[in-house]
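Colleague: Next up is a structure, given as structure tokens.
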2 protein chains.
Amino acid sequence: MRVILASASPRRKELLKKLFTDFEVVCATGSETYTASRPSDIVQELSRQKAEEVERRLFGACGTKENPYPDYLILGADTVVTCNGRILGKPDDELQATQMLKMLAGTTHQVYTGVALAISSKGKRQSITFAECTNVRFYPMTDKEIAAYVHSGEPMDKAGGYGLQGIGGRFVQTIEGDYQNVIGLPVAKLYQVFQKIEEIALPF
Amino acid sequence: MRVILASASPRRKELLKKLFTDFEVVCATGSETYTASRPSDIVQELSRQKAEEVERRLFGACGTKENPYPDYLILGADTVVTCNGRILGKPDDELQATQMLKMLAGTTHQVYTGVALAISSKGKRQSITFAECTNVRFYPMTDKEIAAYVHSGEPMDKAGGYGLQGIGGRFVQTIEGDYQNVIGLPVAKLYQVFQKIEEIALPF
């Protein structure tokens with residue numbers, strides 16, 4: 001079975017190595033727009049878009065009797081941060097990263113990661129989506145600390161403007177939940193889901 | 001100021017990079033024995049032993065008027081896992097790793113990491129020790145999963161017989177606290193402590 005990660009995030013690639021030894025990365029293209037309003041629905045909608053876009057592109061010509069679907073697993077994922085009811089994606093620029101970090105400092109926020117699986121096996125296709133939430137509490141931060149962290153460049157390509165696995169980890173007082181979910185993939189939940197899908201055989 | 005990590009753990013080395021760009025690693029030698037009984041005291045006692053052993057070895061001949069102490073920061077650390085009142089260090093063999101994982105599966109345990117700092121600056125020497133605790137909840141595990149995980153070799157050099165940052169992360173349902181503490185160094189607390197020590201200037 002071909003395993004395909006439909007995400008450009010190098011962090012998700014690293015995390016998926018905890019489950020599969022061998023998989024491909026095919027980045028989803030197209031703009032990210034959503035109609036849902038609840039964070040857990042938004043990340044599932046966006047992750048489904050990614051998985052389905054890659055599926056259409058790679059296997060769109062399949063599905064006929066002459067050319068049936070091959071066996072594959074496509075995994076899309078999306079992460080957003082919510083703080084006091086506001087949804088934070090990736091910052092557009094340093095000013096926005098600074099504003100996000102000022103919101104997060106000294107308080108608790110939520111990180112939602114949605115996962116969408118498109119599974120095709122023996123001509124049968126199924127979809128599974130779920131979302132996982134982790135609470136993250138930041139220590140208070142001074143303006144100087146925020147400015148230095150933004151200047152490091154780390155916040156720029158990350159939802160909420162920080163990287164738990166990087167220098168950002170020094171500001172995180174506690175997390176409550178799966179820390180891998182904060183980095184971009186709820187590995188433990190995903191492993192549990194895979195245990196219930198007989199088509200998926202993990203290499204270990 | 002020379003910064004010296006008195007620990008052989010490659011994971012601590014990676015975590016310390018979140019605070020310092022430039023430091024040395026000098027492994028402490030000697031057996032690990034303790035007299036304390038509470039986990040938070042045990043890890044502080046053991047981390048102090050590591051820091052002081054390296055300090056004696058490198059700077060033992062200093063401390064006189066002719067040869068005063070140079071400027072340095074030595075960091076020792078030690079991690080233990082406790083589960084239902086039992087203290088788990090690194091497993092001696094696969095059987096012990098299996099027994100540890102059977103204890104942890106489906107329940108919550110505590111990870112304690114102690115940190116000892118020996119700081120010498122401008123002829124003044126100070127010691128600081130502290131411990132941090134993180135709760136970790138494991139999903140239930142089948143005997144087959146435990147056997148496969150032990151067979152992977154990952155549990156063998158790790159307190160409690162698992163690596164959160166490795167394949168072990170798939171079994172961890174939630175953590176409550178600093179996830180970096182579970183891997184071997186409470187980076188966030190350590191950063192906060194450094195902010196209060198005027199002799200320590202972090203590179204960023």
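In the structure tokens, chains take letters A, B, ... by order of appearance, with residues numbered from 1 within each chain and ligands from 1 in the order shown.
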With only C-alpha atoms counted and 10 Å as the cut-off, give the residues of chain B in contact with chain A, each with its shortest interatomic distance in Å and the pair that gives it, as CSV.
Modeller:
```
residue,atom,partner,partner_atom,distance
B:Leu15,CA,A:Gly166,CA,8.9
B:Leu16,CA,A:Ile167,CA,9.9
B:Lys17,CA,A:Ile167,CA,8.4
B:Lys18,CA,A:Ile167,CA,4.9
B:Leu19,CA,A:Ile167,CA,7.4
B:Thr134,CA,A:Thr174,CA,8.7
B:Asn135,CA,A:Glu176,CA,9.3
B:Val136,CA,A:Gly177,CA,9.3
B:Arg137,CA,A:Gly177,CA,9.2
B:Phe138,CA,A:Ala188,CA,9.5
B:Tyr139,CA,A:Ala188,CA,8.4
B:Glu145,CA,A:Phe204,CA,8.5
B:Ala148,CA,A:Phe204,CA,6.7
B:Tyr149,CA,A:Phe204,CA,8.0
B:His151,CA,A:Phe204,CA,9.8
B:Ser152,CA,A:Phe204,CA,8.6
B:Leu164,CA,A:Tyr179,CA,9.5
B:Gln165,CA,A:Gln180,CA,8.8
B:Gly166,CA,A:Lys18,CA,6.6
B:Ile167,CA,A:Lys18,CA,4.9
B:Gly168,CA,A:Lys18,CA,8.3
B:Gly169,CA,A:Ala188,CA,6.4
B:Arg170,CA,A:Ala188,CA,4.0
B:Phe171,CA,A:Ala188,CA,5.7
B:Val172,CA,A:Ala188,CA,6.1
B:Gln173,CA,A:Ala188,CA,6.1
B:Thr174,CA,A:Gly177,CA,4.1
B:Ile175,CA,A:Gly177,CA,5.3
B:Glu176,CA,A:Glu176,CA,4.5
B:Gly177,CA,A:Thr174,CA,4.1
B:Asp178,CA,A:Thr174,CA,4.9
B:Tyr179,CA,A:Tyr179,CA,6.8
B:Gln180,CA,A:Gly169,CA,7.8
B:Pro186,CA,A:Arg170,CA,8.7
B:Val187,CA,A:Arg170,CA,5.5
B:Ala188,CA,A:Arg170,CA,4.0
B:Lys189,CA,A:Gln173,CA,7.3
B:Leu190,CA,A:Arg170,CA,8.1
B:Tyr191,CA,A:Arg170,CA,6.1
B:Gln192,CA,A:Arg170,CA,8.2
B:Phe204,CA,A:Ala148,CA,6.7
```
Colleague: With N, CA and C atoms retained, could you export that selection as a compact mmCIF listing (two decimals), in the first residue's frame?
Modeller:
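Generated output (again_31.txt):
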```txt
# COMPACT_ATOMS: atom_id res chain seq x y z
N LEU B 15 18.16 19.08 23.71
CA LEU B 15 17.28 20.02 24.42
C LEU B 15 18.04 21.26 24.87
N LEU B 16 19.29 21.09 25.28
CA LEU B 16 20.06 22.25 25.76
C LEU B 16 20.36 23.24 24.63
N LYS B 17 20.30 22.75 23.39
CA LYS B 17 20.51 23.64 22.24
C LYS B 17 19.41 24.69 22.12
N LYS B 18 18.28 24.46 22.82
CA LYS B 18 17.21 25.46 22.80
C LYS B 18 17.58 26.67 23.66
N LEU B 19 18.64 26.51 24.49
CA LEU B 19 19.03 27.60 25.39
C LEU B 19 20.43 28.15 25.07
N THR B 134 6.28 15.84 35.66
CA THR B 134 5.30 15.83 34.58
C THR B 134 4.50 14.53 34.67
N ASN B 135 3.18 14.63 34.53
CA ASN B 135 2.33 13.43 34.51
C ASN B 135 2.20 12.92 33.08
N VAL B 136 2.30 11.62 32.92
CA VAL B 136 2.19 11.01 31.59
C VAL B 136 1.18 9.87 31.65
N ARG B 137 0.20 9.92 30.77
CA ARG B 137 -0.81 8.85 30.73
C ARG B 137 -0.62 8.00 29.48
N PHE B 138 -0.49 6.70 29.68
CA PHE B 138 -0.34 5.76 28.57
C PHE B 138 -1.69 5.19 28.16
N TYR B 139 -1.87 4.98 26.86
CA TYR B 139 -2.99 4.15 26.39
C TYR B 139 -2.76 2.72 26.87
N GLU B 145 2.09 -5.54 21.52
CA GLU B 145 2.64 -4.19 21.31
C GLU B 145 3.87 -3.96 22.18
N ALA B 148 6.82 -5.94 20.77
CA ALA B 148 7.36 -5.32 19.56
C ALA B 148 8.15 -4.06 19.90
N TYR B 149 7.63 -3.29 20.85
CA TYR B 149 8.32 -2.05 21.23
C TYR B 149 9.66 -2.35 21.91
N HIS B 151 11.40 -5.02 21.48
CA HIS B 151 12.26 -5.57 20.44
C HIS B 151 12.91 -4.47 19.58
N SER B 152 12.25 -3.31 19.49
CA SER B 152 12.82 -2.20 18.70
C SER B 152 14.11 -1.66 19.32
N LEU B 164 9.55 9.23 24.82
CA LEU B 164 8.40 10.03 24.36
C LEU B 164 8.64 10.59 22.97
N GLN B 165 9.90 10.96 22.71
CA GLN B 165 10.26 11.61 21.46
C GLN B 165 10.41 10.62 20.32
N GLY B 166 10.39 9.33 20.64
CA GLY B 166 10.57 8.30 19.62
C GLY B 166 9.28 7.57 19.33
N ILE B 167 9.41 6.29 18.99
CA ILE B 167 8.23 5.47 18.69
C ILE B 167 7.31 5.42 19.91
N GLY B 168 7.90 5.53 21.10
CA GLY B 168 7.12 5.51 22.34
C GLY B 168 6.01 6.54 22.38
N GLY B 169 6.17 7.61 21.61
CA GLY B 169 5.17 8.68 21.58
C GLY B 169 3.81 8.20 21.13
N ARG B 170 3.75 7.07 20.42
CA ARG B 170 2.45 6.59 19.94
C ARG B 170 1.59 5.99 21.06
N PHE B 171 2.21 5.69 22.19
CA PHE B 171 1.45 5.08 23.30
C PHE B 171 1.01 6.12 24.34
N VAL B 172 1.46 7.36 24.21
CA VAL B 172 1.22 8.37 25.24
C VAL B 172 -0.05 9.16 24.92
N GLN B 173 -1.09 8.90 25.69
CA GLN B 173 -2.40 9.53 25.46
C GLN B 173 -2.34 11.01 25.78
N THR B 174 -1.87 11.35 26.97
CA THR B 174 -1.75 12.77 27.35
C THR B 174 -0.52 12.95 28.23
N ILE B 175 0.03 14.16 28.18
CA ILE B 175 0.97 14.54 29.21
C ILE B 175 0.42 15.82 29.84
N GLU B 176 0.85 16.06 31.07
CA GLU B 176 0.41 17.23 31.81
C GLU B 176 1.67 17.84 32.40
N GLY B 177 2.15 18.91 31.81
CA GLY B 177 3.38 19.53 32.29
C GLY B 177 4.28 19.86 31.11
N ASP B 178 5.58 19.92 31.36
CA ASP B 178 6.55 20.23 30.30
C ASP B 178 6.97 18.92 29.63
N TYR B 179 6.67 18.78 28.34
CA TYR B 179 7.00 17.51 27.67
C TYR B 179 8.51 17.33 27.58
N GLN B 180 9.24 18.44 27.57
CA GLN B 180 10.70 18.37 27.49
C GLN B 180 11.29 17.75 28.76
N PRO B 186 13.93 19.96 31.87
CA PRO B 186 12.79 20.88 31.93
C PRO B 186 13.19 22.24 31.36
N VAL B 187 13.21 22.32 30.04
CA VAL B 187 13.77 23.48 29.35
C VAL B 187 13.10 24.79 29.77
N ALA B 188 11.76 24.77 29.87
CA ALA B 188 11.04 26.01 30.16
C ALA B 188 11.35 26.52 31.57
N LYS B 189 11.33 25.62 32.55
CA LYS B 189 11.66 26.01 33.93
C LYS B 189 13.12 26.49 34.01
N LEU B 190 13.99 25.78 33.33
CA LEU B 190 15.41 26.13 33.33
C LEU B 190 15.62 27.53 32.74
N TYR B 191 14.90 27.82 31.67
CA TYR B 191 14.96 29.16 31.06
C TYR B 191 14.51 30.22 32.07
N GLN B 192 13.42 29.92 32.80
CA GLN B 192 12.93 30.87 33.80
C GLN B 192 13.98 31.08 34.91
N PHE B 204 20.41 34.40 23.30
CA PHE B 204 19.24 35.04 22.66
C PHE B 204 18.13 35.10 23.66
```
Colleague: Please return as an MDAnalysis selection string: the residues of region 54-180 of chain B that backbone DSSP assigns to strand (DSSP E).
Modeller: chainID B and resid 72:83 86:88 108:121 124:138 172:177
Colleague: With only C-alpha atoms as the counted atoms, please give the residues lying no more than 12 Å from Ile42 (chain A), apart from itself and same-chain residues fewer than 2 positions off, as a PyMOL selection string.
Modeller: chain A and resi 32-40+44-49+77-82+87-89+112-116+129-132
Colleague: Would you give me, as number ranges by chain, the residues in chain A that DSSP reads as helix (DSSP H, G or I)?
Modeller: A: 10-16, 39-59, 94-104, 143-151, 154-157, 159-161, 167-171, 179-183, 187-195
Colleague: Could you give me, as a PyMOL selection string, the residues within 6 Å of region 70-73 of chain A, counting only C-alpha atoms and dropping anything in the same chain fewer than 4 positions from it?
Modeller: chain A and resi 1-3+118-121
Colleague: Counting only C-alpha atoms, figure out which residue out of B:Asp93, B:Glu198, B:Pro10, B:Ile4 gets nearest to Ile183 (chain B).
Modeller: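 For Ile183 (chain B), the nearest of the candidates is B:Pro10.
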